[in-house]
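Trainee: Below you will find the structure I want to go over with you.
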Amino acid sequence: VMKHTLCISALVLVGATHALALNINKQLERRNFIQTSTAATIASTLLGANHPANADPMNALIPVGSGALRQPPYVVQSEGRKEPVLTTKLGMSRIGSNSLSPIQQKPFSAQDVFYPSFLFGSWEVESTLVQKLYPFGPDFVPSKSLIEGSPRNRNEQVGSSTKCQAYYFSMTADGSKVDLSLGLEKNKIIADRRFNSISMSQAYQQLTPIEEVGWDYKADPTRLSLRFSAAPLADDMRPLGQRRGEVYLTARQTELAENGSFCAAERSRSVIVGPGTVTAMDQETITEFQPRSDGSVYAISRVAVYLTPNPNSREGVLWQQVNGKAVAFFDYTWEMKPLLETTEAGGSKISVASPEGKVQYAM
């Protein structure tokens, strides 16, 4: 089991706009992509592997604009993996199924994911990849890096674990105290997408990590603007140039079960723009959080990857073949432990820093 012991943040389900249409004469490729695990995952920003794109040998013999032959599902599992025990209807329908169409936004629903009180605070999260599943076979997967690794990192293998930190704060807190007894709707606890995006990028040691995140959770929580650090040299020793990204969180659903479990699913589209390239990816992150009596949380999370419906590319043809359904699933388990602040009296209390730098305490 490979472990990255960097202290990092939560994930953010990255979404983004239909920017492939913006690329008229430039080469479209899936060289670098983000997945911001959304509010539905550990708070979420999943980052894809940032590697120079080479021709995908799996598709070398398939003419541009043509489709692919469906194959039996291709599965890679960790040794001794057991089927997850899901307790919410949303979790059973999205994590327990291997045939998914993109989740849809319900009318008049919230523009962000509001979490229950047991997730308020700062967390250390150990995420373990337990399964990779390609329901139509590997030829329908848009990037070779998703076969070799995962959306988080090209080198992430089944069984590998990564430790990070996740922040959940109240967007309605009046001062530093948060009364958790007020409930989900009044406290409006959300994931700190700015902190989580940068932290997760660092945790997975991206070649071009995120340096800045523009995110206004009050005015428009559904959009993030990303700026990456300078890229390394390409194989021909030329600089790859600066990259930037736009992430659009386009749909979400949540469920709070009677037993206290909470599930959230969020769909996103991310667009990464670099010198001469535009990269787009559609994803969905579904996470079911199961609180324990000792204050820790066990979570089951899935990242679903979709093709983009660009009619002028081979990917658009494949999208039609699968009727827009997900072509890859990456299943994780999380062990979440609260990071408590020590008081002067020697006790401990739940706290978290807001994006403005103000520390919030649980009452």
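Please note that chains go A, B, ... in the order of the structure tokens, that every chain numbers its residues from 1, and that ligands are numbered from 1 in the order shown.
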Which residues in range 209-340 of chain A does DSSP call helix (DSSP H, G or I)? List them as number ranges by chain.
Mentor: A: 314-321
Trainee: Give the strand (DSSP E or B) residues of range 93-290 of chain A, as assigned by DSSP on the backbone, as a PyMOL selection string.
Mentor: chain A and resi 115+121-134+161-170+177-178+189-191+210-216+220-228+233+239+244-256+262-274+277-290
Trainee: Next, dump the selected residues to file, keeping only C-alpha atoms, as a CSV table (one decimal), in the first residue's frame.
Mentor:
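Full text of out-v7.csv as output:
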```csv
chain,number,residue,atom,x,y,z
A,115,TYR,CA,-23.8,18.8,5.2
A,121,GLY,CA,-14.9,20.9,11.6
A,122,SER,CA,-11.4,19.8,10.4
A,123,TRP,CA,-10.7,16.2,9.5
A,124,GLU,CA,-7.8,13.9,8.7
A,125,VAL,CA,-9.0,11.7,5.9
A,126,GLU,CA,-7.3,8.5,4.7
A,127,SER,CA,-8.7,7.6,1.3
A,128,THR,CA,-8.1,4.1,-0.2
A,129,LEU,CA,-8.8,3.1,-3.8
A,130,VAL,CA,-10.5,-0.3,-3.6
A,131,GLN,CA,-11.8,-0.8,-7.1
A,132,LYS,CA,-11.7,0.4,-10.7
A,133,LEU,CA,-14.5,-0.6,-13.0
A,134,TYR,CA,-14.9,0.0,-16.7
A,161,SER,CA,-3.9,5.1,0.3
A,162,THR,CA,-3.5,8.9,0.7
A,163,LYS,CA,-3.9,11.0,3.8
A,164,CYS,CA,-5.3,14.5,3.6
A,165,GLN,CA,-7.3,17.1,5.5
A,166,ALA,CA,-10.9,18.2,4.8
A,167,TYR,CA,-12.6,21.4,6.0
A,168,TYR,CA,-16.3,21.9,6.6
A,169,PHE,CA,-17.4,25.3,7.9
A,170,SER,CA,-20.7,27.1,8.4
A,177,LYS,CA,-19.6,30.0,17.6
A,178,VAL,CA,-21.7,27.5,15.6
A,189,ILE,CA,-22.3,23.7,6.6
A,190,ILE,CA,-20.4,23.4,3.3
A,191,ALA,CA,-17.0,22.2,2.1
A,210,ILE,CA,-3.0,24.4,-8.2
A,211,GLU,CA,-1.6,27.7,-6.9
A,212,GLU,CA,-4.8,29.8,-6.7
A,213,VAL,CA,-8.5,29.2,-6.6
A,214,GLY,CA,-11.1,31.8,-7.2
A,215,TRP,CA,-14.3,30.9,-5.4
A,216,ASP,CA,-17.1,33.0,-4.1
A,220,ASP,CA,-21.8,31.8,-6.9
A,221,PRO,CA,-20.7,28.6,-5.2
A,222,THR,CA,-21.0,26.6,-8.4
A,223,ARG,CA,-18.0,28.0,-10.1
A,224,LEU,CA,-14.2,27.8,-9.4
A,225,SER,CA,-11.4,29.4,-11.4
A,226,LEU,CA,-8.1,27.7,-11.1
A,227,ARG,CA,-4.6,28.8,-11.8
A,228,PHE,CA,-1.8,26.2,-11.9
A,233,LEU,CA,9.4,20.9,-19.7
A,239,PRO,CA,8.1,24.6,-21.7
A,244,ARG,CA,-5.8,27.7,-16.1
A,245,GLY,CA,-9.1,26.0,-15.4
A,246,GLU,CA,-12.8,26.7,-15.0
A,247,VAL,CA,-14.9,24.3,-13.0
A,248,TYR,CA,-18.7,24.3,-13.0
A,249,LEU,CA,-20.7,22.3,-10.5
A,250,THR,CA,-23.8,21.6,-12.6
A,251,ALA,CA,-26.1,19.3,-10.5
A,252,ARG,CA,-26.4,17.8,-7.0
A,253,GLN,CA,-28.6,15.6,-4.9
A,254,THR,CA,-28.5,14.8,-1.1
A,255,GLU,CA,-30.1,12.4,1.3
A,256,LEU,CA,-30.1,12.3,5.1
A,262,PHE,CA,-25.7,11.2,4.8
A,263,CYS,CA,-25.1,10.9,1.1
A,264,ALA,CA,-24.3,13.5,-1.5
A,265,ALA,CA,-23.9,13.3,-5.3
A,266,GLU,CA,-22.6,16.1,-7.4
A,267,ARG,CA,-21.9,16.4,-11.1
A,268,SER,CA,-19.3,18.7,-12.7
A,269,ARG,CA,-17.7,19.8,-15.9
A,270,SER,CA,-14.1,21.0,-15.9
A,271,VAL,CA,-12.3,22.8,-18.7
A,272,ILE,CA,-8.5,23.2,-18.6
A,273,VAL,CA,-6.9,25.6,-21.0
A,274,GLY,CA,-3.2,25.5,-21.9
A,277,THR,CA,-5.0,22.8,-25.9
A,278,VAL,CA,-8.4,22.7,-24.4
A,279,THR,CA,-9.3,19.7,-22.1
A,280,ALA,CA,-12.8,18.9,-20.9
A,281,MET,CA,-14.1,16.3,-18.6
A,282,ASP,CA,-17.5,15.4,-17.1
A,283,GLN,CA,-17.5,13.6,-13.7
A,284,GLU,CA,-19.8,12.8,-10.8
A,285,THR,CA,-18.7,12.1,-7.2
A,286,ILE,CA,-21.0,10.3,-4.8
A,287,THR,CA,-20.1,9.8,-1.2
A,288,GLU,CA,-22.1,8.2,1.7
A,289,PHE,CA,-20.9,9.4,5.2
A,290,GLN,CA,-21.6,7.0,8.1
```
Trainee: Measuring atom to atom with only C-alpha atoms, identify which of A:Leu69, A:Val85, A:Ala362, A:Leu318 is nearest to Tyr306 in chain A.
Mentor: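 Nearest candidate to Tyr306 in chain A out of A:Leu69, A:Val85, A:Ala362, A:Leu318: A:Leu318.
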Trainee: Need the shell around Leu340 in chain A: protein/DNA/RNA residues with any atom at most 12 Å away, counting only C-alpha atoms. Skip same-chain ones fewer than 2 positions apart. Format as a PyMOL selection string?
Mentor: chain A and resi 120-124+295-296+337-338+342-343+346-352+361-362
Trainee: I need the chosen residues saved as a PDB file, in the first residue's frame, with N, CA, C and O atoms.
Mentor:
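Written out: result_36.pdb:
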```pdb
ATOM      1  N   PHE A 120     -19.139  18.979  10.600  1.00  0.00           N
ATOM      2  CA  PHE A 120     -18.534  20.291  10.859  1.00  0.00           C
ATOM      3  C   PHE A 120     -17.149  20.121  11.480  1.00  0.00           C
ATOM      4  O   PHE A 120     -16.940  19.309  12.374  1.00  0.00           O
ATOM      5  N   GLY A 121     -16.186  20.910  10.994  1.00  0.00           N
ATOM      6  CA  GLY A 121     -14.857  20.903  11.595  1.00  0.00           C
ATOM      7  C   GLY A 121     -13.754  20.541  10.619  1.00  0.00           C
ATOM      8  O   GLY A 121     -13.928  20.585   9.396  1.00  0.00           O
ATOM      9  N   SER A 122     -12.601  20.204  11.187  1.00  0.00           N
ATOM     10  CA  SER A 122     -11.418  19.821  10.412  1.00  0.00           C
ATOM     11  C   SER A 122     -11.192  18.321  10.571  1.00  0.00           C
ATOM     12  O   SER A 122     -11.317  17.785  11.674  1.00  0.00           O
ATOM     13  N   TRP A 123     -10.834  17.682   9.475  1.00  0.00           N
ATOM     14  CA  TRP A 123     -10.716  16.232   9.490  1.00  0.00           C
ATOM     15  C   TRP A 123      -9.411  15.767   8.865  1.00  0.00           C
ATOM     16  O   TRP A 123      -8.919  16.362   7.912  1.00  0.00           O
ATOM     17  N   GLU A 124      -8.877  14.682   9.402  1.00  0.00           N
ATOM     18  CA  GLU A 124      -7.836  13.937   8.709  1.00  0.00           C
ATOM     19  C   GLU A 124      -8.523  12.771   8.016  1.00  0.00           C
ATOM     20  O   GLU A 124      -9.243  11.997   8.646  1.00  0.00           O
ATOM     21  N   GLY A 295     -17.068   9.576  17.238  1.00  0.00           N
ATOM     22  CA  GLY A 295     -16.828  10.848  16.583  1.00  0.00           C
ATOM     23  C   GLY A 295     -16.142  10.735  15.234  1.00  0.00           C
ATOM     24  O   GLY A 295     -16.072  11.716  14.485  1.00  0.00           O
ATOM     25  N   SER A 296     -15.634   9.546  14.898  1.00  0.00           N
ATOM     26  CA  SER A 296     -15.044   9.348  13.579  1.00  0.00           C
ATOM     27  C   SER A 296     -16.140   9.064  12.556  1.00  0.00           C
ATOM     28  O   SER A 296     -17.302   8.855  12.913  1.00  0.00           O
ATOM     29  N   LYS A 337     -11.018  11.103  10.725  1.00  0.00           N
ATOM     30  CA  LYS A 337     -10.809  11.362  12.148  1.00  0.00           C
ATOM     31  C   LYS A 337     -10.806  12.863  12.402  1.00  0.00           C
ATOM     32  O   LYS A 337     -10.117  13.607  11.697  1.00  0.00           O
ATOM     33  N   PRO A 338     -11.565  13.333  13.404  1.00  0.00           N
ATOM     34  CA  PRO A 338     -11.627  14.780  13.655  1.00  0.00           C
ATOM     35  C   PRO A 338     -10.314  15.318  14.194  1.00  0.00           C
ATOM     36  O   PRO A 338      -9.641  14.672  15.007  1.00  0.00           O
ATOM     37  N   THR A 342      -6.964  21.758  21.204  1.00  0.00           N
ATOM     38  CA  THR A 342      -6.787  21.611  22.651  1.00  0.00           C
ATOM     39  C   THR A 342      -7.096  22.929  23.354  1.00  0.00           C
ATOM     40  O   THR A 342      -6.610  23.994  22.952  1.00  0.00           O
ATOM     41  N   THR A 343      -7.892  22.871  24.406  1.00  0.00           N
ATOM     42  CA  THR A 343      -8.253  24.069  25.166  1.00  0.00           C
ATOM     43  C   THR A 343      -7.237  24.333  26.274  1.00  0.00           C
ATOM     44  O   THR A 343      -6.401  23.483  26.593  1.00  0.00           O
ATOM     45  N   GLY A 346      -7.137  21.936  29.075  1.00  0.00           N
ATOM     46  CA  GLY A 346      -6.675  20.589  28.786  1.00  0.00           C
ATOM     47  C   GLY A 346      -7.678  19.724  28.064  1.00  0.00           C
ATOM     48  O   GLY A 346      -7.417  18.545  27.794  1.00  0.00           O
ATOM     49  N   GLY A 347      -8.828  20.286  27.756  1.00  0.00           N
ATOM     50  CA  GLY A 347      -9.838  19.556  27.007  1.00  0.00           C
ATOM     51  C   GLY A 347      -9.635  19.711  25.506  1.00  0.00           C
ATOM     52  O   GLY A 347      -8.551  20.078  25.036  1.00  0.00           O
ATOM     53  N   SER A 348     -10.667  19.454  24.749  1.00  0.00           N
ATOM     54  CA  SER A 348     -10.602  19.596  23.301  1.00  0.00           C
ATOM     55  C   SER A 348     -11.938  20.103  22.760  1.00  0.00           C
ATOM     56  O   SER A 348     -12.979  19.931  23.399  1.00  0.00           O
ATOM     57  N   LYS A 349     -11.903  20.738  21.603  1.00  0.00           N
ATOM     58  CA  LYS A 349     -13.124  21.229  20.981  1.00  0.00           C
ATOM     59  C   LYS A 349     -12.990  21.194  19.464  1.00  0.00           C
ATOM     60  O   LYS A 349     -11.890  21.217  18.906  1.00  0.00           O
ATOM     61  N   ILE A 350     -14.142  21.147  18.811  1.00  0.00           N
ATOM     62  CA  ILE A 350     -14.185  21.088  17.350  1.00  0.00           C
ATOM     63  C   ILE A 350     -14.032  22.498  16.796  1.00  0.00           C
ATOM     64  O   ILE A 350     -14.720  23.426  17.225  1.00  0.00           O
ATOM     65  N   SER A 351     -13.138  22.674  15.844  1.00  0.00           N
ATOM     66  CA  SER A 351     -12.937  23.982  15.246  1.00  0.00           C
ATOM     67  C   SER A 351     -12.534  23.832  13.794  1.00  0.00           C
ATOM     68  O   SER A 351     -12.062  22.775  13.364  1.00  0.00           O
ATOM     69  N   VAL A 352     -12.718  24.924  13.035  1.00  0.00           N
ATOM     70  CA  VAL A 352     -12.308  24.952  11.632  1.00  0.00           C
ATOM     71  C   VAL A 352     -12.149  26.407  11.225  1.00  0.00           C
ATOM     72  O   VAL A 352     -12.856  27.295  11.719  1.00  0.00           O
ATOM     73  N   TYR A 361     -16.031  27.663  16.103  1.00  0.00           N
ATOM     74  CA  TYR A 361     -16.061  26.626  17.132  1.00  0.00           C
ATOM     75  C   TYR A 361     -17.454  26.059  17.260  1.00  0.00           C
ATOM     76  O   TYR A 361     -18.461  26.785  17.166  1.00  0.00           O
ATOM     77  N   ALA A 362     -17.538  24.752  17.500  1.00  0.00           N
ATOM     78  CA  ALA A 362     -18.828  24.089  17.695  1.00  0.00           C
ATOM     79  C   ALA A 362     -19.332  24.304  19.096  1.00  0.00           C
ATOM     80  O   ALA A 362     -18.570  24.250  20.065  1.00  0.00           O
TER      81      ALA A 362
END
```
Trainee: So, counting only C-alpha atoms, which residue among A:Gln77, A:Ser101, A:Ser143, A:Thr172 is closest to Glu315 in chain A?
Mentor: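 Distance minimum relative to Glu315 in chain A lands on A:Ser143.
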Trainee: Out of A:Lys358, A:Ala257, A:Asp179, A:Lys106, which residue has the shortest atom-to-atom distance to Gly91 in chain A when counting only C-alpha atoms?
Mentor: A:Ala257
Trainee: Work out how far apart CA of Ala328 in chain A and CA of Gln71 in chain A are and give it in Å to one decimal.
Mentor: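 Computing it gives 13.1 Å between the two atoms.
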Trainee: For a quick check of understanding, using only C-alpha atoms, which of A:Phe329, A:Phe140, A:Tyr217, A:Phe114 has the smallest distance to Ser99 in chain A?
Mentor: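 Residue with the minimum atom-to-atom distance to Ser99 in chain A: A:Phe329.
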Trainee: Rank A:Arg292, A:Arg193, A:Lys188, A:Arg152 by their smallest atom-to-atom distance to Ser117 in chain A, using only C-alpha atoms, and report the top residue only.
Mentor: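 Smallest separation from Ser117 in chain A among the options: A:Lys188.
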Trainee: In Å, rounded to a single decimal, give me how far CA of Gln320 in chain A is from CA of Ala68 in chain A.
Mentor: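 One can read the CA of Ala68 in chain A to CA of Gln320 in chain A distance as 11.0 Å.
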